[in-house]
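Source file: final.txt. Holds: compact mmCIF, C-alpha atoms and all ligand atoms.
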```
# COMPACT_ATOMS: atom_id res chain seq x y z
CA MET A 3 50.90 101.88 93.26
CA ASP A 4 49.48 101.84 89.75
CA ARG A 5 51.18 103.91 87.12
CA SER A 6 48.16 106.22 86.83
CA THR A 7 48.62 107.10 90.52
CA LEU A 8 52.40 107.47 90.22
CA CYS A 9 51.88 109.89 87.29
CA ILE A 10 50.08 112.20 89.71
CA HIS A 11 51.80 111.63 93.05
CA ALA A 12 55.34 110.24 92.66
CA GLY A 13 58.31 112.53 93.30
CA TYR A 14 56.71 115.30 95.35
CA LYS A 15 55.20 115.10 98.83
CA PRO A 16 54.54 118.52 100.35
CA GLY A 17 54.94 118.97 104.10
CA ASN A 18 52.53 120.85 106.36
CA GLY A 19 51.57 124.19 104.82
CA GLU A 20 53.77 123.70 101.74
CA PRO A 21 52.47 124.23 98.18
CA ARG A 22 50.28 121.35 96.97
CA VAL A 23 51.67 121.76 93.45
CA LEU A 24 55.37 121.15 92.70
CA PRO A 25 57.03 124.60 92.98
CA ILE A 26 59.43 126.01 90.39
CA TYR A 27 62.70 126.48 92.28
CA GLN A 28 64.15 129.23 90.11
CA SER A 29 67.51 129.32 91.87
CA THR A 30 70.99 128.43 90.66
CA THR A 31 72.42 128.22 94.17
CA TYR A 32 71.69 126.70 97.59
CA ARG A 33 72.60 128.01 101.04
CA TYR A 34 74.47 126.00 103.68
CA GLY A 35 75.21 126.88 107.30
CA SER A 36 78.83 125.72 107.35
CA SER A 37 81.70 124.97 104.99
CA GLU A 38 81.78 121.50 106.44
CA GLU A 39 78.23 120.70 105.30
CA LEU A 40 79.07 121.95 101.81
CA ALA A 41 82.30 119.95 101.79
CA ALA A 42 80.36 116.77 102.57
CA LEU A 43 78.22 117.46 99.50
CA PHE A 44 81.31 117.88 97.33
CA ASP A 45 82.60 114.54 98.60
CA LEU A 46 79.24 113.00 97.57
CA GLN A 47 78.85 111.92 101.19
CA SER A 48 75.54 113.64 101.80
CA ASP A 49 72.48 114.34 99.65
CA GLY A 50 71.54 117.86 98.69
CA HIS A 51 71.74 120.46 95.98
CA MET A 52 74.83 122.61 95.51
CA TYR A 53 74.53 124.13 92.05
CA SER A 54 71.74 123.86 89.47
CA ARG A 55 74.01 122.65 86.67
CA ILE A 56 74.15 119.40 88.64
CA SER A 57 70.76 119.23 90.37
CA ASN A 58 67.73 121.33 91.33
CA PRO A 59 64.72 120.46 93.55
CA THR A 60 62.07 120.90 90.80
CA VAL A 61 64.11 118.80 88.39
CA ALA A 62 64.78 116.20 91.12
CA ALA A 63 61.07 115.72 91.81
CA VAL A 64 60.39 114.97 88.15
CA GLU A 65 63.38 112.63 87.98
CA GLU A 66 62.00 110.71 90.93
CA LYS A 67 58.59 110.49 89.25
CA VAL A 68 60.01 109.06 86.03
CA ALA A 69 62.25 106.62 87.97
CA ALA A 70 59.13 105.40 89.81
CA LEU A 71 57.15 105.07 86.56
CA GLU A 72 59.90 103.03 84.91
CA GLY A 73 60.66 101.05 88.08
CA GLY A 74 64.32 102.18 88.13
CA VAL A 75 66.69 103.07 90.99
CA GLY A 76 67.29 106.64 89.82
CA ALA A 77 66.95 109.06 86.93
CA MET A 78 68.62 112.16 85.53
CA MET A 79 66.83 114.74 83.43
CA THR A 80 68.73 116.36 80.55
CA SER A 81 68.18 119.42 78.37
CA SER A 82 66.97 117.28 75.43
CA GLY A 83 66.47 113.70 74.28
CA GLN A 84 69.66 114.00 72.22
CA ALA A 85 71.62 114.90 75.38
CA ALA A 86 70.13 111.84 77.12
CA SER A 87 71.28 109.55 74.29
CA LEU A 88 74.73 111.17 74.27
CA ILE A 89 75.31 110.95 78.03
CA SER A 90 73.85 107.44 78.30
CA VAL A 91 76.59 106.24 75.93
CA LEU A 92 79.52 108.46 77.02
CA ASN A 93 78.93 107.30 80.61
CA ILE A 94 80.29 103.84 79.71
CA ALA A 95 82.11 104.22 76.37
CA SER A 96 85.15 106.21 75.30
CA CYS A 97 87.53 106.65 72.39
CA GLY A 98 88.54 103.26 70.99
CA ASP A 99 85.37 101.51 72.20
CA ASN A 100 82.43 100.48 70.05
CA ILE A 101 78.67 100.19 70.53
CA VAL A 102 76.05 98.08 68.73
CA ILE A 103 72.90 99.93 67.63
CA MET A 104 69.67 98.85 65.98
CA GLY A 105 69.55 100.23 62.43
CA ASN A 106 66.01 101.62 62.76
CA LEU A 107 66.75 104.34 65.35
CA TYR A 108 65.40 107.89 65.17
CA GLY A 109 67.37 109.87 62.54
CA GLY A 110 68.84 112.30 65.08
CA THR A 111 70.15 109.44 67.20
CA THR A 112 71.58 107.71 64.12
CA ASN A 113 73.46 110.89 63.17
CA LEU A 114 74.77 111.27 66.72
CA PHE A 115 76.09 107.71 66.78
CA LEU A 116 77.30 107.30 63.19
CA VAL A 117 78.72 110.77 62.55
CA THR A 118 79.45 112.76 65.72
CA MET A 119 80.46 109.88 67.99
CA LYS A 120 82.59 108.44 65.21
CA ARG A 121 84.59 111.69 65.33
CA MET A 122 85.02 111.10 69.07
CA GLY A 123 86.50 107.67 68.32
CA ILE A 124 83.45 105.57 69.25
CA GLU A 125 82.37 103.23 66.47
CA ALA A 126 78.68 102.29 66.08
CA ARG A 127 77.99 98.87 64.53
CA VAL A 128 74.56 98.54 62.97
CA ALA A 129 72.26 95.58 63.69
CA SER A 130 68.85 94.87 62.18
CA PRO A 131 65.77 93.20 63.70
CA ASP A 132 65.73 90.45 61.07
CA MET A 133 69.40 89.39 61.23
CA PRO A 134 70.16 85.87 62.52
CA ASP A 135 71.56 85.50 66.07
CA SER A 136 75.01 84.57 64.79
CA ALA A 137 75.28 87.73 62.65
CA PHE A 138 74.08 89.85 65.58
CA LEU A 139 76.62 88.32 67.98
CA SER A 140 79.45 88.76 65.47
CA LEU A 141 79.05 92.55 65.87
CA PHE A 142 80.33 92.33 69.47
CA ASP A 143 83.95 92.16 70.60
CA SER A 144 85.95 92.88 73.78
CA ARG A 145 85.64 96.67 73.21
CA THR A 146 81.83 96.63 72.81
CA ARG A 147 80.23 98.65 75.61
CA LEU A 148 76.47 98.53 75.03
CA PHE A 149 73.57 97.71 72.74
CA PHE A 150 71.09 100.50 71.94
CA ALA A 151 67.52 100.07 70.55
CA GLU A 152 64.07 101.73 70.58
CA THR A 153 60.94 100.06 72.04
CA ILE A 154 58.79 101.35 69.14
CA ALA A 155 61.15 102.57 66.43
CA ASN A 156 60.67 106.07 65.00
CA PRO A 157 59.42 106.11 62.24
CA SER A 158 59.38 102.43 61.11
CA LEU A 159 57.25 101.50 64.18
CA ALA A 160 59.05 98.15 64.56
CA VAL A 161 58.50 96.75 68.08
CA PHE A 162 61.76 95.65 69.74
CA ASP A 163 62.06 91.95 70.50
CA PHE A 164 63.30 92.12 74.10
CA ASP A 165 63.21 88.37 74.71
CA ARG A 166 65.53 87.75 71.80
CA PHE A 167 68.05 90.61 71.88
CA VAL A 168 68.41 91.28 75.62
CA PRO A 169 69.73 87.77 76.49
CA LEU A 170 72.02 87.85 73.43
CA SER A 171 73.55 91.18 74.53
CA HIS A 172 73.89 90.01 78.12
CA SER A 173 75.62 86.85 76.93
CA MET A 174 78.31 89.19 75.50
CA GLY A 175 78.65 90.94 78.91
CA VAL A 176 77.05 94.13 77.62
CA PRO A 177 74.08 96.19 78.97
CA VAL A 178 71.03 97.13 76.88
CA ILE A 179 69.98 100.78 76.60
CA ILE A 180 66.41 101.32 75.41
CA ASP A 181 64.95 104.54 74.01
CA ASN A 182 61.39 104.23 75.35
CA THR A 183 60.14 107.56 73.94
CA PHE A 184 57.16 106.35 71.86
CA ALA A 185 55.94 103.65 74.25
CA THR A 186 56.42 105.63 77.50
CA PRO A 187 56.49 103.66 80.79
CA ILE A 188 52.69 103.43 80.57
CA LEU A 189 52.72 101.11 77.54
CA CYS A 190 56.06 99.39 78.21
CA ARG A 191 58.50 99.13 81.11
CA PRO A 192 61.73 97.92 79.48
CA PHE A 193 63.29 96.97 82.86
CA GLU A 194 60.59 94.28 83.23
CA HIS A 195 61.91 92.77 79.99
CA GLY A 196 65.57 92.78 81.08
CA ALA A 197 66.79 96.15 79.75
CA ASP A 198 69.39 97.91 81.93
CA ILE A 199 69.12 101.63 81.11
CA VAL A 200 66.17 103.55 79.64
CA ILE A 201 66.32 106.93 77.95
CA HIS A 202 63.56 109.27 76.80
CA SER A 203 62.98 112.27 74.66
CA THR A 204 60.48 113.77 77.11
CA THR A 205 59.69 116.28 74.34
CA LYS A 206 57.19 113.78 72.90
CA TYR A 207 54.34 112.06 74.82
CA MET A 208 55.71 112.70 78.32
CA ASP A 209 55.40 116.45 77.79
CA GLY A 210 52.52 115.80 75.40
CA HIS A 211 51.64 119.44 74.75
CA ALA A 212 54.64 120.42 72.60
CA VAL A 213 55.88 123.03 75.09
CA ALA A 214 59.34 121.94 76.34
CA VAL A 215 62.31 120.04 74.92
CA GLY A 216 63.81 117.60 77.41
CA GLY A 217 65.33 114.18 78.01
CA MET A 218 65.69 111.60 80.76
CA ILE A 219 68.08 108.76 81.61
CA VAL A 220 66.77 106.07 83.97
CA ASP A 221 68.97 103.47 85.65
CA GLY A 222 67.40 100.04 86.17
CA GLY A 223 70.07 99.22 88.76
CA THR A 224 70.33 95.60 87.62
CA PHE A 225 73.45 95.41 85.47
CA ASP A 226 76.47 93.79 87.17
CA TRP A 227 79.23 96.29 86.30
CA GLU A 228 81.77 94.58 88.55
CA GLY A 229 80.97 91.07 87.31
CA SER A 230 81.24 92.13 83.68
CA GLY A 231 84.77 93.43 84.25
CA ARG A 232 84.82 95.82 81.32
CA TYR A 233 83.67 99.07 82.96
CA PRO A 234 86.70 100.47 84.86
CA GLU A 235 85.08 103.94 84.81
CA LEU A 236 82.53 102.56 87.28
CA THR A 237 84.60 100.04 89.20
CA GLU A 238 87.95 101.89 89.53
CA PRO A 239 88.75 105.27 91.18
CA ASP A 240 87.54 108.44 89.40
CA GLU A 241 90.50 110.82 89.65
CA SER A 242 88.24 113.79 88.89
CA TYR A 243 86.25 112.99 92.05
CA HIS A 244 88.79 112.35 94.83
CA GLY A 245 89.25 108.77 93.65
CA ILE A 246 85.64 107.77 94.30
CA ILE A 247 84.64 104.28 93.08
CA TYR A 248 81.05 104.53 91.90
CA THR A 249 80.10 100.87 92.35
CA GLU A 250 81.47 100.96 95.93
CA SER A 251 79.88 104.25 96.98
CA PHE A 252 76.56 103.94 95.13
CA GLY A 253 75.96 100.22 94.65
CA ARG A 254 73.03 99.65 92.31
CA SER A 255 72.85 103.37 91.47
CA ALA A 256 76.48 103.56 90.28
CA TYR A 257 75.64 104.28 86.63
CA ILE A 258 73.24 107.18 87.27
CA ALA A 259 75.42 108.61 90.09
CA LYS A 260 78.38 108.78 87.72
CA ALA A 261 76.28 110.28 84.90
CA ARG A 262 75.43 113.20 87.18
CA ALA A 263 78.62 113.60 89.24
CA GLN A 264 80.93 113.40 86.25
CA LEU A 265 79.15 113.98 82.93
CA MET A 266 76.44 116.48 83.89
CA ARG A 267 79.12 118.35 85.86
CA ASP A 268 81.43 118.43 82.82
CA LEU A 269 79.02 118.65 79.86
CA GLY A 270 76.31 120.84 81.43
CA ALA A 271 73.36 119.56 79.34
CA THR A 272 71.18 120.82 82.19
CA PRO A 273 67.39 121.15 82.11
CA GLN A 274 65.78 124.34 83.40
CA ALA A 275 63.47 124.19 86.45
CA MET A 276 60.69 125.64 84.29
CA ALA A 277 61.10 122.81 81.75
CA ALA A 278 60.90 120.27 84.58
CA PHE A 279 57.74 121.93 85.90
CA LEU A 280 56.10 121.75 82.46
CA LEU A 281 57.20 118.12 82.05
CA ASN A 282 55.65 117.31 85.42
CA LEU A 283 52.33 118.81 84.30
CA GLY A 284 52.43 116.61 81.21
CA LEU A 285 53.32 113.51 83.23
CA GLU A 286 50.33 114.00 85.52
CA THR A 287 47.99 113.06 82.64
CA LEU A 288 50.31 110.72 80.71
CA ASP A 289 48.41 107.54 81.58
CA LEU A 290 45.11 108.97 80.33
CA ARG A 291 46.61 110.57 77.25
CA ILE A 292 48.70 107.70 75.90
CA ARG A 293 45.77 105.30 76.15
CA ARG A 294 43.51 107.71 74.27
CA HIS A 295 46.24 108.34 71.66
CA SER A 296 46.45 104.56 71.15
CA GLU A 297 42.66 104.10 70.89
CA ASN A 298 42.33 106.95 68.40
CA ALA A 299 45.29 105.69 66.35
CA LEU A 300 43.89 102.17 66.12
CA GLU A 301 40.60 103.50 64.71
CA VAL A 302 42.42 105.78 62.29
CA ALA A 303 44.74 102.94 61.18
CA ARG A 304 41.70 100.73 60.49
CA PHE A 305 40.08 103.51 58.48
CA LEU A 306 43.26 104.12 56.41
CA SER A 307 43.63 100.37 55.76
CA GLY A 308 40.21 100.46 54.07
CA GLU A 309 41.21 103.21 51.61
CA LYS A 310 42.90 100.75 49.28
CA ASP A 311 42.48 102.78 46.08
CA LEU A 312 44.81 105.53 47.35
CA ILE A 313 46.92 103.95 50.10
CA SER A 314 49.29 101.07 49.37
CA SER A 315 50.20 100.15 52.95
CA VAL A 316 49.53 101.16 56.55
CA SER A 317 51.92 100.39 59.41
CA TYR A 318 50.62 100.40 62.93
CA PRO A 319 51.64 97.72 65.44
CA GLY A 320 48.13 97.75 66.92
CA LEU A 321 46.59 96.42 63.66
CA GLU A 322 45.86 92.67 63.83
CA ASP A 323 47.50 92.04 60.44
CA SER A 324 50.67 94.03 61.24
CA PRO A 325 53.86 91.93 61.33
CA GLU A 326 54.60 93.78 64.61
CA HIS A 327 51.29 92.83 66.21
CA GLY A 328 52.53 89.74 68.08
CA ARG A 329 55.33 91.73 69.70
CA ALA A 330 52.92 94.61 70.40
CA LEU A 331 50.64 92.23 72.31
CA LYS A 332 53.60 90.79 74.18
CA TYR A 333 55.48 93.94 75.15
CA LEU A 334 53.00 96.84 74.92
CA ASP A 335 50.16 97.12 77.39
CA GLY A 336 47.24 95.26 75.80
CA GLY A 337 48.76 95.88 72.36
CA ALA A 338 48.20 99.65 72.72
CA ALA A 339 50.79 101.10 70.37
CA SER A 340 50.83 104.93 70.85
CA GLY A 341 49.47 107.47 68.38
CA VAL A 342 52.00 107.21 65.58
CA ILE A 343 51.00 105.60 62.26
CA SER A 344 52.87 105.50 58.98
CA PHE A 345 51.34 104.86 55.58
CA SER A 346 52.19 105.17 51.91
CA MET A 347 50.20 107.00 49.25
CA LYS A 348 50.07 105.17 45.92
CA GLY A 349 50.60 108.44 44.04
CA GLY A 350 54.05 108.99 45.61
CA ARG A 351 55.50 112.31 46.72
CA GLU A 352 52.98 114.44 44.80
CA ALA A 353 49.96 112.58 46.22
CA ALA A 354 51.39 112.75 49.74
CA MET A 355 51.87 116.50 49.42
CA ARG A 356 48.37 117.05 47.95
CA PHE A 357 46.87 114.95 50.76
CA MET A 358 48.74 116.85 53.48
CA ASP A 359 47.99 120.27 52.00
CA SER A 360 44.26 119.37 51.96
CA LEU A 361 44.06 118.62 55.69
CA GLN A 362 42.14 121.18 57.76
CA LEU A 363 42.46 119.91 61.34
CA ALA A 364 45.81 118.11 61.21
CA SER A 365 48.82 120.37 60.84
CA ILE A 366 52.10 119.90 58.99
CA VAL A 367 54.86 120.14 61.60
CA VAL A 368 58.29 118.66 62.34
CA HIS A 369 57.12 116.96 65.50
CA VAL A 370 55.30 113.85 66.67
CA ALA A 371 53.57 112.65 69.76
CA ASP A 372 51.66 115.60 71.12
CA LEU A 373 47.96 116.19 71.60
CA ARG A 374 47.39 117.83 68.18
CA THR A 375 47.10 115.56 65.16
CA CYS A 376 49.99 116.26 62.80
CA VAL A 377 51.63 114.89 59.67
CA LEU A 378 55.03 114.82 58.01
CA ASN A 379 56.13 113.60 54.56
CA PRO A 380 59.88 112.85 54.70
CA ALA A 381 60.19 113.04 50.89
CA SER A 382 59.10 116.69 50.76
CA THR A 383 60.72 117.83 54.04
CA THR A 384 63.44 116.05 56.02
CA HIS A 385 64.66 114.04 52.99
CA ARG A 386 63.78 116.67 50.36
CA GLN A 387 67.18 116.68 48.66
CA LEU A 388 66.90 113.01 47.67
CA SER A 389 65.48 111.75 44.36
CA ASP A 390 62.69 109.14 44.49
CA GLU A 391 65.21 106.48 43.57
CA MET A 392 67.62 107.53 46.34
CA LEU A 393 64.73 107.65 48.82
CA ARG A 394 63.78 104.04 48.01
CA LYS A 395 67.40 103.03 48.53
CA CYS A 396 67.15 104.48 52.06
CA GLY A 397 63.99 102.44 52.61
CA ILE A 398 61.67 105.46 52.41
CA ASP A 399 58.75 105.35 50.01
CA PRO A 400 58.27 108.78 48.34
CA GLY A 401 54.58 108.63 49.28
CA PHE A 402 55.36 107.77 52.92
CA VAL A 403 53.39 109.86 55.45
CA ARG A 404 53.99 109.80 59.19
CA LEU A 405 50.76 110.62 60.98
CA SER A 406 50.75 111.43 64.69
CA VAL A 407 47.19 110.95 65.89
CA GLY A 408 46.20 113.46 68.56
CA LEU A 409 43.56 113.65 71.24
CA GLU A 410 40.84 115.35 69.20
CA SER A 411 37.59 113.44 68.67
CA VAL A 412 38.44 110.48 66.45
CA ARG A 413 35.34 111.24 64.32
CA ASP A 414 36.73 114.70 63.56
CA ILE A 415 40.20 113.29 62.81
CA ILE A 416 38.80 110.69 60.40
CA SER A 417 36.49 113.14 58.65
CA ASP A 418 39.51 115.45 58.12
CA LEU A 419 41.48 112.53 56.61
CA LYS A 420 38.49 111.56 54.46
CA GLY A 421 38.16 115.09 53.12
CA ALA A 422 41.86 115.26 52.24
CA LEU A 423 41.84 111.82 50.58
CA ALA A 424 38.83 112.88 48.50
CA LYS A 425 40.96 115.73 47.07
CA CYS A 426 43.45 113.12 45.85
CA ARG A 427 40.94 111.13 43.76
C1 LIG A 501 62.66 113.12 69.16
C2 LIG A 501 63.36 111.88 69.52
C3 LIG A 501 64.65 111.91 70.08
C4 LIG A 501 65.43 113.20 70.28
O1 LIG A 501 64.87 113.94 71.29
P1 LIG A 501 64.92 115.55 71.40
O2 LIG A 501 64.16 115.82 72.64
O3 LIG A 501 64.32 116.12 70.14
O4 LIG A 501 66.37 115.93 71.53
C5 LIG A 501 65.22 110.70 70.46
N1 LIG A 501 64.57 109.54 70.27
C6 LIG A 501 63.34 109.47 69.71
C7 LIG A 501 62.68 108.15 69.53
C8 LIG A 501 62.69 110.64 69.33
O5 LIG A 501 61.47 110.57 68.76
```
Using structure tokens, write down the structure that the file contains.
Amino acid sequence: MDRSTLCIHAGYKPGNGEPRVLPIYQSTTYRYGSSEELAALFDLQSDGHMYSRISNPTVAAVEEKVAALEGGVGAMMTSSGQAASLISVLNIASCGDNIVIMGNLYGGTTNLFLVTMKRMGIEARVASPDMPDSAFLSLFDSRTRLFFAETIANPSLAVFDFDRFVPLSHSMGVPVIIDNTFATPILCRPFEHGADIVIHSTTKYMDGHAVAVGGMIVDGGTFDWEGSGRYPELTEPDESYHGIIYTESFGRSAYIAKARAQLMRDLGATPQAMAAFLLNLGLETLDLRIRRHSENALEVARFLSGEKDLISSVSYPGLEDSPEHGRALKYLDGGAASGVISFSMKGGREAAMRFMDSLQLASIVVHVADLRTCVLNPASTTHRQLSDEMLRKCGIDPGFVRLSVGLESVRDIISDLKGALAKCR
């Protein structure tokens, strides 16, 4: 079925007389008729819910929907996008191992990998999109466990070159994990381009209404864990689970089965049923929304590109003259590039702040990718402590504005931007 249909129907099929809408199963526990039936669950021999830290029927329905949208063999929802990134890595890397990451990841993910995981003994080696193949490959060694990148990077908006980096990583025997948050499975399905695991911050477009923090890990089921020979946690007995061997018991779903049976059990980064219900509501309209976000953003990006007296540069992969445009056409559905645009005000930090303070419709928030147009200026908020010179060293222009184009009428959005720009002249 088409993705627009899966958005509405995948994951939940009510029986005769059951609620048409996915119910919120607000229960931590599940009843069984005999100890034997429960024991079979504990041995992972039969399917079913035993305790909501590990699984819950509302959450399971949404997991199935996202797995269907991405074309994966299974998915696990987490309490946040950060928890999804964390578990996706810890599932196949431990102390003494290393991972290779793209240098343009979301700031929260970069902190997780470069600071917190470092303290856990996992080293992150930083790659960049423009480095030659040989330099990229030299980052890998026998202890490298995975390569991690974003489809559309937040906030640089670089579009990941799947056809180049996926075969390189596979040639080193290592799977590719893709954060597909900005693209969503509507604009890009990373598994179709060879990626092995997909993660999401569902907090952004999937939810779409800014109501619930959440994350998702999706298993593509294609990576050959046995053939690679460097993932004993999947191919050798798990002592914490009666010596189960995940690749033997779960085949293509080994990775996601282990993430739940072992890491969700132990770490407890569990989503609430209510959060899953709200995410499901968002997913039902995702196809419609992300296309409209992309259409609105393209018009807004074109408008901003014309304001050359005040704006020095506009980045949006959907723009024909963007260096990302070729990859956007290749990997994103029809070149549709989501609602996020970044641009730089010629007048620096002060101009960016005056512009943002003059907006009437768009709000200043620490968020992106929901239905309300919003803006953020890193220099005056998230990177406020840095001088202009230090900001430039980090690759951030002091006048840089990240604009998340919402679902309001694009005429109203542009007239708001026009009004605010006029105050800067
Ligand atoms: C927001 C975000 C995250 C983190 O997700 P949370 O749900 O806030 O924990 C990860 N990756 C990207 C690309 C994001 O934009």
Next item on the list: Could you give me, as a ChimeraX atom specification, the residues within 6 Å of stretch 50-53 of chain A, counting only C-alpha atoms and dropping anything in the same chain fewer than 6 positions from it?
Entry: /A:30-32
For the selection you just gave me, I'd like the residues written to a file as a compact mmCIF listing (two decimals), in the coordinates of the input, keeping C-alpha atoms.
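Result file selection.txt:
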```
# COMPACT_ATOMS: atom_id res chain seq x y z
CA THR A 30 70.99 128.43 90.66
CA THR A 31 72.42 128.22 94.17
CA TYR A 32 71.69 126.70 97.59
```
Checklist line | Near-A:Ala271 list (6 Å; only C-alpha atoms; drop same-chain fewer than 2 positions) as a ChimeraX atom specification | finding: /A:80-81,269
Notebook entry, point to check: Using only C-alpha atoms and all ligand atoms, what are the residues with an atom within 8 Å of ligand LIG 501 (chain A), set out as JSON, numbers by chain?
Noted result: {"A": [81, 82, 83, 84, 85, 86, 87, 107, 108, 110, 111, 152, 154, 155, 156, 181, 182, 183, 184, 202, 203, 204, 205, 206, 215, 216, 217, 369, 370]}
Output the selection as a CSV table (one decimal), keeping the file's coordinate frame - C-alpha atoms for each residue.
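Result written to part_31.csv:
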```csv
chain,number,residue,atom,x,y,z
A,81,SER,CA,68.2,119.4,78.4
A,82,SER,CA,67.0,117.3,75.4
A,83,GLY,CA,66.5,113.7,74.3
A,84,GLN,CA,69.7,114.0,72.2
A,85,ALA,CA,71.6,114.9,75.4
A,86,ALA,CA,70.1,111.8,77.1
A,87,SER,CA,71.3,109.6,74.3
A,107,LEU,CA,66.8,104.3,65.4
A,108,TYR,CA,65.4,107.9,65.2
A,110,GLY,CA,68.8,112.3,65.1
A,111,THR,CA,70.2,109.4,67.2
A,152,GLU,CA,64.1,101.7,70.6
A,154,ILE,CA,58.8,101.4,69.1
A,155,ALA,CA,61.2,102.6,66.4
A,156,ASN,CA,60.7,106.1,65.0
A,181,ASP,CA,65.0,104.5,74.0
A,182,ASN,CA,61.4,104.2,75.4
A,183,THR,CA,60.1,107.6,73.9
A,184,PHE,CA,57.2,106.4,71.9
A,202,HIS,CA,63.6,109.3,76.8
A,203,SER,CA,63.0,112.3,74.7
A,204,THR,CA,60.5,113.8,77.1
A,205,THR,CA,59.7,116.3,74.3
A,206,LYS,CA,57.2,113.8,72.9
A,215,VAL,CA,62.3,120.0,74.9
A,216,GLY,CA,63.8,117.6,77.4
A,217,GLY,CA,65.3,114.2,78.0
A,369,HIS,CA,57.1,117.0,65.5
A,370,VAL,CA,55.3,113.8,66.7
```
Taking the point (63.0, 90.2, 73.3) as given in the file, collect each protein or nucleic acid residue that comes within 9 Å of it, counting only C-alpha atoms, and present the set as a compact mmCIF listing (two decimals) with C-alpha atoms, in the frame of the given file.
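part_6.txt written:
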```
# COMPACT_ATOMS: atom_id res chain seq x y z
CA PHE A 162 61.76 95.65 69.74
CA ASP A 163 62.06 91.95 70.50
CA PHE A 164 63.30 92.12 74.10
CA ASP A 165 63.21 88.37 74.71
CA ARG A 166 65.53 87.75 71.80
CA PHE A 167 68.05 90.61 71.88
CA VAL A 168 68.41 91.28 75.62
CA PRO A 169 69.73 87.77 76.49
CA HIS A 195 61.91 92.77 79.99
CA GLY A 196 65.57 92.78 81.08
CA ARG A 329 55.33 91.73 69.70
CA TYR A 333 55.48 93.94 75.15
```
Next item on the list: Extract, using all atoms listed in the file, all DNA, RNA and protein residues at most 8 Å from A:Ala278, discarding same-chain residues fewer than 4 positions from it, and format them as a PyMOL selection string.
Entry: chain A and resi 60-61+64+273-274+282
Checklist line | Nearest candidate to A:Arg413 (options A:Glu301, A:Glu326, A:Asp268, A:Asp49; using all atoms listed in the file) | finding: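 Of A:Glu301, A:Glu326, A:Asp268, A:Asp49, the one nearest A:Arg413 is A:Glu301, counting all atoms listed in the file.
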Item checked: Residue list as a VMD selection string for point (53.2, 113.2, 50.0), cut-off 10 Å, all atoms listed in the file -> chain A and resid 346 to 359 377 to 383 399 to 404
Margin query: Between A:Ile415, A:Leu148, A:Cys190, A:Val342, which residue has the minimum interatomic distance to A:Tyr233, considering only C-alpha atoms?
Written below: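 Answer, going by the shortest atom-to-atom distance: A:Leu148.
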Checklist line | Neighbour list for A:Arg191 as number ranges by chain, cut-off 12 Å, all atoms listed in the file, skip fewer than 5 positions in-chain | finding: A: 5, 68-74, 153, 164, 180-186, 196-201, 220, 222, 332-335
Next item on the list: Could you check which of A:Val407, A:Ala339, A:Ala12, A:Val102 is closest to A:Ala160, using all atoms listed in the file?
Entry: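 Counting all atoms listed in the file, the residue closest to A:Ala160 is A:Ala339.
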Item checked: Interatomic distance (Å, one decimal) between atom CA of A:Val412 and atom CA of A:Ala299 ->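 So the two atoms, atom CA of A:Val412 and atom CA of A:Ala299, lie 8.4 Å apart.
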Check: Got a sec: who's within 7 Å of stretch 247-257 of chain A, counting all atoms listed in the file, leaving out chain neighbours fewer than 6 positions off, as a list in words?
Finding: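 The filter keeps Val75, Gly76, Asp221, Gly223, Thr224, Leu236, Thr237, Glu238, Pro239 and Asp240 of chain A.
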Check: Of the residues A:Ala41, A:Ala151, A:Leu46, A:Leu281, which is the one nearest to A:Gly245, using only C-alpha atoms?
Finding: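 When distances to A:Gly245 are compared using only C-alpha atoms, the smallest one comes from A:Leu46.
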Checklist line | Pairwise distance for atom CA of A:Glu228 and atom CA of A:Ser57, rounded to one decimal in Å | finding: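 Separation between atom CA of A:Glu228 and atom CA of A:Ser57: 27.1 Å.
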Next item on the list: Have a look at atom CA of A:Ile103 and atom CA of A:Ser130 and let me know their distance in Å, one decimal.
Entry: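 About the pair atom CA of A:Ile103 and atom CA of A:Ser130: they are 8.5 Å apart.
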Margin query: From the options A:Asp143, A:Asp45, A:Glu297, A:Glu410, which residue's atoms come nearest to A:Ala263, counting all atoms listed in the file?
Written below: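 Checking each of A:Asp143, A:Asp45, A:Glu297, A:Glu410 against A:Ala263, counting all atoms listed in the file, the winner is A:Asp45.
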Please reconstruct the missing atoms of stretch 384-389 of chain A (target: N, CA and C atoms) and return them as an mmCIF file, in the frame of the given file.
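Dumped everything to selection.cif:
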```cif
data_model
loop_
_atom_site.group_PDB
_atom_site.id
_atom_site.type_symbol
_atom_site.label_atom_id
_atom_site.label_comp_id
_atom_site.auth_asym_id
_atom_site.auth_seq_id
_atom_site.Cartn_x
_atom_site.Cartn_y
_atom_site.Cartn_z
ATOM 1 N N THR A 384 62.143 116.441 55.439
ATOM 2 C CA THR A 384 63.440 116.050 56.020
ATOM 3 C C THR A 384 64.368 115.378 55.022
ATOM 4 N N HIS A 385 63.823 114.725 53.977
ATOM 5 C CA HIS A 385 64.660 114.040 52.990
ATOM 6 C C HIS A 385 64.477 114.664 51.603
ATOM 7 N N ARG A 386 64.176 115.964 51.571
ATOM 8 C CA ARG A 386 63.780 116.670 50.360
ATOM 9 C C ARG A 386 64.839 116.625 49.257
ATOM 10 N N GLN A 387 66.105 116.609 49.656
ATOM 11 C CA GLN A 387 67.180 116.680 48.660
ATOM 12 C C GLN A 387 67.322 115.396 47.847
ATOM 13 N N LEU A 388 66.701 114.301 48.335
ATOM 14 C CA LEU A 388 66.900 113.010 47.670
ATOM 15 C C LEU A 388 65.904 112.787 46.539
ATOM 16 N N SER A 389 66.387 112.162 45.446
ATOM 17 C CA SER A 389 65.480 111.750 44.360
ATOM 18 C C SER A 389 64.642 110.571 44.848
#
```
